[in-house]
file coords_10.cif (mmCIF, C-alpha atoms)
data_work
loop_
_atom_site.label_atom_id
_atom_site.label_comp_id
_atom_site.auth_asym_id
_atom_site.auth_seq_id
_atom_site.Cartn_x
_atom_site.Cartn_y
_atom_site.Cartn_z
CA MET A 1 17.42 -4.16 -11.38
CA ARG A 2 15.57 -2.44 -8.59
CA ASP A 3 14.42 -3.46 -5.17
CA THR A 4 10.89 -2.20 -4.67
CA ARG A 5 10.37 -3.53 -1.14
CA TYR A 6 9.93 -0.87 1.51
CA GLN A 7 10.26 -1.31 5.23
CA TRP A 8 11.29 1.36 7.68
CA ALA A 9 12.92 1.54 11.05
CA TYR A 10 13.30 4.81 12.92
CA LEU A 11 16.37 5.57 14.98
CA PHE A 12 15.50 7.83 17.90
CA GLY A 13 18.61 9.25 19.49
CA ALA A 14 19.85 11.97 21.80
CA VAL A 15 23.38 12.81 22.89
CA CYS A 16 25.11 14.76 25.62
CA PRO A 17 28.22 16.29 24.05
CA ASP A 18 29.72 17.22 27.44
CA ARG A 19 29.69 13.61 28.63
CA GLY A 20 30.10 11.99 25.20
CA VAL A 21 27.14 9.69 25.79
CA GLY A 22 23.73 9.13 24.29
CA ALA A 23 20.49 7.24 24.45
CA GLY A 24 18.87 5.65 21.44
CA LEU A 25 16.10 3.32 20.38
CA VAL A 26 15.17 1.76 17.07
CA MET A 27 11.41 1.79 16.60
CA PRO A 28 9.06 0.57 13.84
CA TYR A 29 7.16 3.89 13.84
CA ALA A 30 7.86 7.56 14.47
CA ASN A 31 4.95 8.65 16.63
CA THR A 32 4.09 9.85 20.13
CA GLU A 33 4.22 6.35 21.64
CA ALA A 34 7.74 5.82 20.27
CA MET A 35 8.79 9.28 21.46
CA ASN A 36 7.52 8.54 24.97
CA LYS A 37 9.64 5.40 25.06
CA HIS A 38 12.61 7.40 23.85
CA LEU A 39 12.05 10.08 26.52
CA ALA A 40 12.04 7.37 29.19
CA GLU A 41 15.35 6.06 27.79
CA ILE A 42 16.87 9.55 27.81
CA ALA A 43 15.69 10.12 31.38
CA LYS A 44 17.56 6.99 32.49
CA ALA A 45 20.74 8.24 30.78
CA VAL A 46 20.74 11.67 32.47
CA ALA A 47 23.43 11.80 35.14
CA PRO A 48 22.08 11.45 38.70
CA GLY A 49 21.15 14.87 40.07
CA ALA A 50 21.42 16.49 36.61
CA HIS A 51 18.74 17.97 34.39
CA ALA A 52 18.72 17.66 30.59
CA ALA A 53 17.74 20.31 28.08
CA LEU A 54 16.40 18.36 25.10
CA ILE A 55 16.43 20.23 21.80
CA LEU A 56 13.58 19.17 19.53
CA ASP A 57 12.41 20.20 16.09
CA GLY A 58 8.74 20.69 15.28
CA ALA A 59 7.88 17.07 14.43
CA GLY A 60 4.32 16.29 15.46
CA TRP A 61 5.39 13.62 17.93
CA HIS A 62 7.73 16.12 19.61
CA GLU A 63 4.87 18.47 20.46
CA SER A 64 2.00 16.08 21.08
CA GLN A 65 -0.30 16.72 24.03
CA ASP A 66 0.11 13.03 24.88
CA LEU A 67 3.87 13.35 25.37
CA VAL A 68 5.02 12.29 28.84
CA MET A 69 7.98 14.50 29.71
CA PRO A 70 10.15 13.05 32.51
CA ALA A 71 10.88 15.38 35.44
CA ASN A 72 14.62 15.50 34.65
CA ILE A 73 14.14 16.73 31.06
CA THR A 74 13.10 20.16 29.78
CA PRO A 75 12.18 20.30 26.10
CA ILE A 76 13.37 23.20 23.95
CA ILE A 77 11.32 23.36 20.77
CA LEU A 78 13.20 25.00 17.91
CA PRO A 79 11.56 27.47 15.56
CA PRO A 80 10.50 26.09 12.16
CA TYR A 81 13.12 25.73 9.44
CA SER A 82 16.13 25.99 11.74
CA PRO A 83 18.01 22.67 11.50
CA GLU A 84 21.31 24.51 11.97
CA LEU A 85 20.34 25.08 15.61
CA ASN A 86 19.88 21.37 16.27
CA SER A 87 23.24 19.68 16.76
CA ALA A 88 21.53 16.30 16.45
CA GLU A 89 21.33 17.00 12.72
CA ASN A 90 25.12 16.52 12.65
CA ILE A 91 24.69 13.14 14.33
CA TRP A 92 22.15 12.02 11.71
CA GLU A 93 24.31 13.30 8.86
CA TYR A 94 27.33 11.43 10.22
CA LEU A 95 25.37 8.19 10.58
CA ARG A 96 23.90 8.47 7.09
CA LYS A 97 27.26 9.21 5.47
CA ASN A 98 29.19 6.57 7.36
CA LYS A 99 26.81 3.75 8.21
CA LEU A 100 23.26 3.89 6.93
CA ALA A 101 22.70 5.54 3.53
CA ASN A 102 22.52 3.79 0.17
CA ARG A 103 22.38 0.30 1.57
CA LEU A 104 20.14 -2.59 0.69
CA TYR A 105 19.05 -4.94 3.45
CA GLN A 106 17.53 -8.37 3.00
CA THR A 107 15.15 -8.28 5.98
CA TYR A 108 13.63 -5.87 8.46
CA ASP A 109 15.83 -7.38 11.18
CA ASP A 110 18.86 -6.49 9.04
CA ILE A 111 17.67 -2.86 8.98
CA VAL A 112 17.25 -2.84 12.77
CA ASP A 113 20.65 -4.48 13.23
CA ALA A 114 22.30 -1.87 10.97
CA CYS A 115 20.68 0.97 12.95
CA CYS A 116 21.77 -0.56 16.26
CA ASP A 117 25.29 -1.15 14.95
CA ALA A 118 25.54 2.43 13.64
CA TRP A 119 24.33 3.92 16.93
CA ASN A 120 26.46 1.66 19.14
CA THR A 121 29.55 2.34 17.04
CA LEU A 122 29.04 6.07 17.48
CA MET A 123 28.36 5.71 21.21
CA ALA A 124 31.74 3.98 21.55
CA MET A 125 33.42 7.21 20.32
CA PRO A 126 32.81 9.92 22.95
CA ASP A 127 35.24 12.33 21.27
CA ARG A 128 33.30 11.99 18.01
CA ILE A 129 30.00 12.66 19.79
CA GLU A 130 31.47 15.83 21.28
CA SER A 131 32.94 17.01 17.97
CA LEU A 132 29.63 16.48 16.18
CA ALA A 133 27.25 17.86 18.79
CA ALA A 134 29.08 20.41 20.97
CA ARG A 135 28.35 24.10 20.50
CA SER A 136 30.58 26.69 22.16
CA TRP A 137 27.64 29.07 22.58
CA ALA A 138 25.72 26.41 24.53
CA LYS A 139 28.31 26.12 27.30
CA ALA A 140 27.63 27.66 30.70
CA SER A 141 30.07 30.44 31.51
#
call {"tool": "encode", "arguments": {"input": "coords_10.cif", "output": "structure tokens"}}
result
Amino acid sequence: MRDTRYQWAYLFGAVCPDRGVGAGLVMPYANTEAMNKHLAEIAKAVAPGAHAALILDGAGWHESQDLVMPANITPIILPPYSPELNSAENIWEYLRKNKLANRLYQTYDDIVDACCDAWNTLMAMPDRIESLAARSWAKAS
């Protein structure tokens, strides 16, 4: 028996390990429009008076000319083939291993609900966010 249906949902997420918080959206596509919505969500989550450094890999929608970067966010584009520099990779690995991988969902809404549940469960664990995403070398001295 195999399920040959394919539907996708994309979980866009960013975390602040110092504050143990994050901002996430589940979108039907991974493109510049979705990224712009995610950037707006991140901008709202940045502490008042603070400025966020947002680490991004080289995905096309991360470097698009049509990207609208909020004033309180500075993007840092990583060099190619360097996932070890992006602490968000630990977030995605954790979510896959604990909530999202190797599951079969009946409907698209079930997929979205699972993504939202996975993200919200993680956001309720600030210590886990810090342990997954903090880097000692990234701290200001």
call {"tool": "atom_distance", "arguments": {"input": "coords_10.cif", "atom1": "CA of Asp57 in chain A", "atom2": "CA of Leu78 in chain A"}}
result
5.2 Å
call {"tool": "residues_around", "arguments": {"input": "coords_10.cif", "residues": "Arg135 in chain A", "least_positions_apart": "4", "cutoff": "12 Å", "atoms": "all atoms listed in the file", "output": "list of chain:residue names"}}
result
A:Cys16, A:Pro17, A:Asp18, A:Glu84, A:Leu85, A:Asn86, A:Ser87, A:Ala88, A:Asn90, A:Ile129, A:Glu130, A:Ser131, A:Lys139, A:Ala140
call {"tool": "write_last_selection", "arguments": {"input": "coords_10.cif", "atoms": "C-alpha atoms", "output": "tab-separated table (two decimals), keeping the file's coordinate frame"}}
result
chain	number	residue	atom	x	y	z
A	16	CYS	CA	25.11	14.76	25.62
A	17	PRO	CA	28.22	16.29	24.05
A	18	ASP	CA	29.72	17.22	27.44
A	84	GLU	CA	21.31	24.51	11.97
A	85	LEU	CA	20.34	25.08	15.61
A	86	ASN	CA	19.88	21.37	16.27
A	87	SER	CA	23.24	19.68	16.76
A	88	ALA	CA	21.53	16.30	16.45
A	90	ASN	CA	25.12	16.52	12.65
A	129	ILE	CA	30.00	12.66	19.79
A	130	GLU	CA	31.47	15.83	21.28
A	131	SER	CA	32.94	17.01	17.97
A	139	LYS	CA	28.31	26.12	27.30
A	140	ALA	CA	27.63	27.66	30.70
call {"tool": "closest_residue", "arguments": {"input": "coords_10.cif", "among": "A:Ile73, A:Tyr81, A:Ala14, A:Gln7", "to": "Tyr29 in chain A", "atoms": "all atoms listed in the file"}}
result
A:Gln7
call {"tool": "resolve_selection", "arguments": {"input": "coords_10.cif", "expression": "the PyMOL selection byres ((chain A and resi 54) around 7)", "output": "PDB file with C-alpha atoms, keeping the file's coordinate frame"}}
result
ATOM      1  CA  ALA A  52      18.720  17.660  30.590  1.00  0.00           C
ATOM      2  CA  ALA A  53      17.740  20.310  28.080  1.00  0.00           C
ATOM      3  CA  ILE A  55      16.430  20.230  21.800  1.00  0.00           C
ATOM      4  CA  LEU A  56      13.580  19.170  19.530  1.00  0.00           C
ATOM      5  CA  ILE A  73      14.140  16.730  31.060  1.00  0.00           C
ATOM      6  CA  THR A  74      13.100  20.160  29.780  1.00  0.00           C
ATOM      7  CA  PRO A  75      12.180  20.300  26.100  1.00  0.00           C
ATOM      8  CA  ILE A  76      13.370  23.200  23.950  1.00  0.00           C
TER       9      ILE A  76
END
call {"tool": "residues_around", "arguments": {"input": "coords_10.cif", "residues": "range 65-71 of chain A", "least_positions_apart": "3", "cutoff": "12 Å", "atoms": "all atoms listed in the file", "output": "number ranges by chain"}}
result
A: 31-46, 49-54, 60-62, 74-76
call {"tool": "residues_around", "arguments": {"input": "coords_10.cif", "residues": "Gln106 in chain A", "least_positions_apart": "3", "cutoff": "12 Å", "atoms": "all atoms listed in the file", "output": "MDAnalysis selection string"}}
result
chainID A and resid 3:7 103 109:114
call {"tool": "atom_distance", "arguments": {"input": "coords_10.cif", "atom1": "CA of Arg19 in chain A", "atom2": "CA of Gly58 in chain A"}}
result
25.8 Å
call {"tool": "atom_distance", "arguments": {"input": "coords_10.cif", "atom1": "CA of Ala133 in chain A", "atom2": "CA of Lys99 in chain A"}}
result
17.6 Å
call {"tool": "resolve_selection", "arguments": {"input": "coords_10.cif", "expression": "the PyMOL selection byres ((chain A and resi 22-26) around 6)", "output": "PDB file with C-alpha atoms, keeping the file's coordinate frame"}}
result
ATOM      1  CA  TYR A  10      13.300   4.810  12.920  1.00  0.00           C
ATOM      2  CA  LEU A  11      16.370   5.570  14.980  1.00  0.00           C
ATOM      3  CA  PHE A  12      15.500   7.830  17.900  1.00  0.00           C
ATOM      4  CA  GLY A  13      18.610   9.250  19.490  1.00  0.00           C
ATOM      5  CA  ALA A  14      19.850  11.970  21.800  1.00  0.00           C
ATOM      6  CA  VAL A  15      23.380  12.810  22.890  1.00  0.00           C
ATOM      7  CA  CYS A  16      25.110  14.760  25.620  1.00  0.00           C
ATOM      8  CA  VAL A  21      27.140   9.690  25.790  1.00  0.00           C
ATOM      9  CA  MET A  27      11.410   1.790  16.600  1.00  0.00           C
ATOM     10  CA  ILE A  42      16.870   9.550  27.810  1.00  0.00           C
TER      11      ILE A  42
END
call {"tool": "closest_residue", "arguments": {"input": "coords_10.cif", "among": "A:Leu100, A:Ala59, A:Ile77, A:Pro48", "to": "Ala9 in chain A", "atoms": "only C-alpha atoms"}}
result
A:Leu100
